[in-house]
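To start, the structure itself, in structure tokens.
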Amino acid sequence: MALVVKEKWCIGNIFKTVMSANAGIQNVLKVMDYGLSQNDVSFVDSKDRPDNHISLHPFKAFSFTHDAHSCIFTFMMKDMIERIKQATVYDVAVVTPLEQASKLSRQLNNKVLLKREDLQPVFSFKLRGAYNRMAALSPEDAKNGVVAASAGNHAQGVALSARQLGITATIVMPKTTPAIKVDAVRHLGAEVILHGNTYDDACSYAYTLRDERQAVFIHPYDDPAVIAGQATIAVEILEQHPEHIDTFFIPVGGGGLIAGMAAWIKHCRPASKIVGVEPDDAGCFHAALQAGKRVELEQVGIFADGVAVKQIGETTFELARNLVDEVILVSTDEICAAIMDIFDDTRTITEPAGALAVAGMKKYARREEVLDQTLIAVNSGANMNFDRLRHVAERAEIGEQCEGLLAVTIPERPGSFRDFCDLFAEQGITEFNYRYSDAAEAHVFVGVKLSRGVEEQEMMLAMFKKHGYDAIDMTDNEMAKIHTRYMVGGRASHAVDDEILYRFEFPERPGALLRFLNHMATGWNISLFHYRNHGAAYGRVLVGMQVPQEDMPQFQKFLDDVGYRYSCETDNPAYKLFLK
Ligand SMILES: Cc1ncc(COP(=O)(O)O)c(C=O)c1O
């Protein structure tokens, strides 16, 4: 009996078809005509393959020889290329620009082009795959509506597609989803159900709903129609840039985007390289490649929430593992720096997942020292929570190696603060936190602007050591960056005589602090200092000084001479309650 395998493939379904038709495997393989022979497929353990599970767990039921794997891949590729050619996305998606990023191009000495998927109607590419999947539903399938689980971009893609197609959509979102995203999905006309605390909780409830309502589940990535929809980005790029492209950088979550794009690119331009990019705390594709099989990460970082996926898809992995040349992992700080770079070139803020590709491109270009090549990064989304911006701005400087953080020990005596600041008078200071705690020595938390990255940081450390200061590099110390820097200070360990507290507005330029210190009388000790560059026009500084009562007229003269705006805070209850 001959069997035609044509629709709804995925490895599981191929074998489901085999089993349900009760046909010999050899017949199916003959029809597939990809050279697979019966010896390439062997049954492993019959107790692992109860008939009703066979479509869901094909690998448990069968083991493939290497050749069989490559035959299946050939089959998948052929099918995928046909699907991409027929993909329908432009009823909801737009052809986005492929723009040269001039600053990044200069910085990396290569031609950098950004595919602006952040300019899609729902601010990410995800509507392409969702629409392609849903547009193909038969009226019979569509009549009970669709169900999806998502905390973000997929939800908006499904909701918009459903509205366009006149299908009802129910989206299950974790209870922790920010209100802005819940509102956006509701606004598009979808029913939103908040369930559980994590994506996994929401997803299992979505499957229950699908069964109850006999609805269709729209998977965010592990579905050939979704993958083909995402691939239309690659189709556009190759039309927009007919000349050779050296390397593509593509963010990876569950792998739908990279699997689809890579299939089209390698089909049309096999000489182009494809690099996947993942956060270093959510590298499910990287882990799967290393293990040679899909693995489930125990935990995933959620900073780049669009790609916070524990396990790469089954179909996406089978395609991507054969097509992608390399996967690069990037840190949160590198992602923040990439958001800043994209902003500098486009005046647009991308979400963390949306900036992943640029972060990976920078790392790759520096590592490989490539010159004058054409590099393309997909800016995949811009659904950024506004309250994240503070964190992004804070970390971007470190990710770009523009800011170094140090803990330095200096002697606790009048004038030592100035001697210390003298050492880096011309260096921009980004942070300076100190509180009196010990009669002998003082620990200062310092941030410095760097223009030559790590090399300059190492030179500074050596210079401090040469002048007898103990200095520890804190730039990569997560606890210091997230917590300690805000906790330096507090109450002095014992009474600080004659302490007065003033708030100042320093002009934001190198030398402003030194000018302040040079105007101070030599006998006054600085017992508290708090400064952090927040990008305001003026540096806001809180200073505690030990000034004897009889010196107060001279102190007033100092305030007038230095000329910075000030206010006395010695009677402020915040000082009395938390600092004194
Ligand atoms: C902004 C953004 N970038 C990248 C991705 C990764 O796509 P995929 O899951 O298809 O790998 C997603 C997924 O939702 C996303 O929202």
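Here's how to read the names in the structure tokens: chain A, B, ... by the order shown, residue numbers from 1 in each chain, ligand numbers from 1 in the order shown.
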**Report entry** Env. residues ligand 1 / 7 Å / only C-alpha atoms and all ligand atoms / as a PyMOL selection string
**Finding:** chain A and resi 124+126+152-154+220-221+251-258+306-307+351+353-354+380-382
Writer output for current selection, N, CA and C atoms, as a compact mmCIF listing (two decimals), in the first residue's frame:
# COMPACT_ATOMS: atom_id res chain seq x y z
N SER A 124 6.31 43.73 17.10
CA SER A 124 7.22 42.58 17.01
C SER A 124 6.83 41.73 15.81
N LYS A 126 6.07 38.68 15.72
CA LYS A 126 5.32 37.46 16.04
C LYS A 126 3.99 37.33 15.30
N GLY A 152 3.29 37.70 26.19
CA GLY A 152 3.81 38.86 25.48
C GLY A 152 3.46 38.95 24.02
N ASN A 153 4.50 38.86 23.19
CA ASN A 153 4.35 39.22 21.79
C ASN A 153 3.48 38.24 21.00
N HIS A 154 3.57 36.95 21.31
CA HIS A 154 2.75 35.98 20.60
C HIS A 154 1.26 36.27 20.85
N PRO A 220 3.46 29.05 19.88
CA PRO A 220 4.27 30.24 19.56
C PRO A 220 5.46 29.96 18.63
N TYR A 221 5.92 28.72 18.54
CA TYR A 221 7.06 28.47 17.66
C TYR A 221 7.09 27.06 17.04
N PRO A 251 17.79 36.40 17.01
CA PRO A 251 17.52 36.00 18.40
C PRO A 251 16.81 34.65 18.45
N VAL A 252 17.05 33.91 19.51
CA VAL A 252 16.43 32.58 19.64
C VAL A 252 15.69 32.46 20.96
N GLY A 253 14.42 32.09 20.87
CA GLY A 253 13.64 31.75 22.07
C GLY A 253 13.33 30.27 21.95
N GLY A 254 12.15 29.96 21.35
CA GLY A 254 11.82 28.56 21.07
C GLY A 254 12.33 28.11 19.73
N GLY A 255 12.87 29.06 18.95
CA GLY A 255 13.54 28.70 17.70
C GLY A 255 12.74 28.87 16.42
N GLY A 256 11.49 29.35 16.52
CA GLY A 256 10.67 29.50 15.31
C GLY A 256 11.26 30.49 14.32
N LEU A 257 11.72 31.61 14.83
CA LEU A 257 12.26 32.66 13.97
C LEU A 257 13.52 32.18 13.26
N ILE A 258 14.44 31.62 14.03
CA ILE A 258 15.71 31.23 13.42
C ILE A 258 15.53 30.02 12.48
N GLY A 306 10.96 37.91 26.10
CA GLY A 306 10.51 37.37 24.81
C GLY A 306 11.18 36.04 24.46
N VAL A 307 12.35 35.77 25.01
CA VAL A 307 13.06 34.53 24.66
C VAL A 307 13.32 33.65 25.88
N GLU A 351 12.94 46.15 23.03
CA GLU A 351 12.88 45.35 24.25
C GLU A 351 14.15 44.50 24.33
N ALA A 353 14.78 41.26 24.30
CA ALA A 353 14.89 40.21 23.27
C ALA A 353 15.11 40.83 21.90
N GLY A 354 14.56 42.02 21.70
CA GLY A 354 14.68 42.69 20.41
C GLY A 354 16.09 43.17 20.12
N SER A 380 13.97 42.40 16.77
CA SER A 380 12.75 41.60 16.69
C SER A 380 11.55 42.15 17.44
N GLY A 381 11.74 43.12 18.33
CA GLY A 381 10.57 43.63 19.05
C GLY A 381 10.86 44.83 19.91
N ALA A 382 9.79 45.56 20.23
CA ALA A 382 9.97 46.79 21.01
C ALA A 382 8.92 46.91 22.11
For Leu517 of chain A, please output as a PDB file with C-alpha atoms, in the first residue's frame all residues within 9 Å (counting only C-alpha atoms; exclusion window: fewer than 4 positions along the same chain).
ATOM      1  CA  GLY A 415      42.353  65.705  53.203  1.00  0.00           C
ATOM      2  CA  PHE A 417      39.480  62.186  50.191  1.00  0.00           C
ATOM      3  CA  ARG A 418      40.970  65.028  48.148  1.00  0.00           C
ATOM      4  CA  CYS A 421      40.327  62.274  44.007  1.00  0.00           C
ATOM      5  CA  ALA A 512      33.787  69.756  39.610  1.00  0.00           C
ATOM      6  CA  LEU A 513      34.388  67.537  42.647  1.00  0.00           C
ATOM      7  CA  ALA A 521      39.363  74.131  54.730  1.00  0.00           C
TER       8      ALA A 521
END
Query - For His467 of chain A: contacts at 9 Å, only C-alpha atoms, fewer than 4 positions along chain excluded, given as a list in words - result: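 Using only C-alpha atoms, the neighbours found are Leu423, Ala462 and Met463 of chain A.
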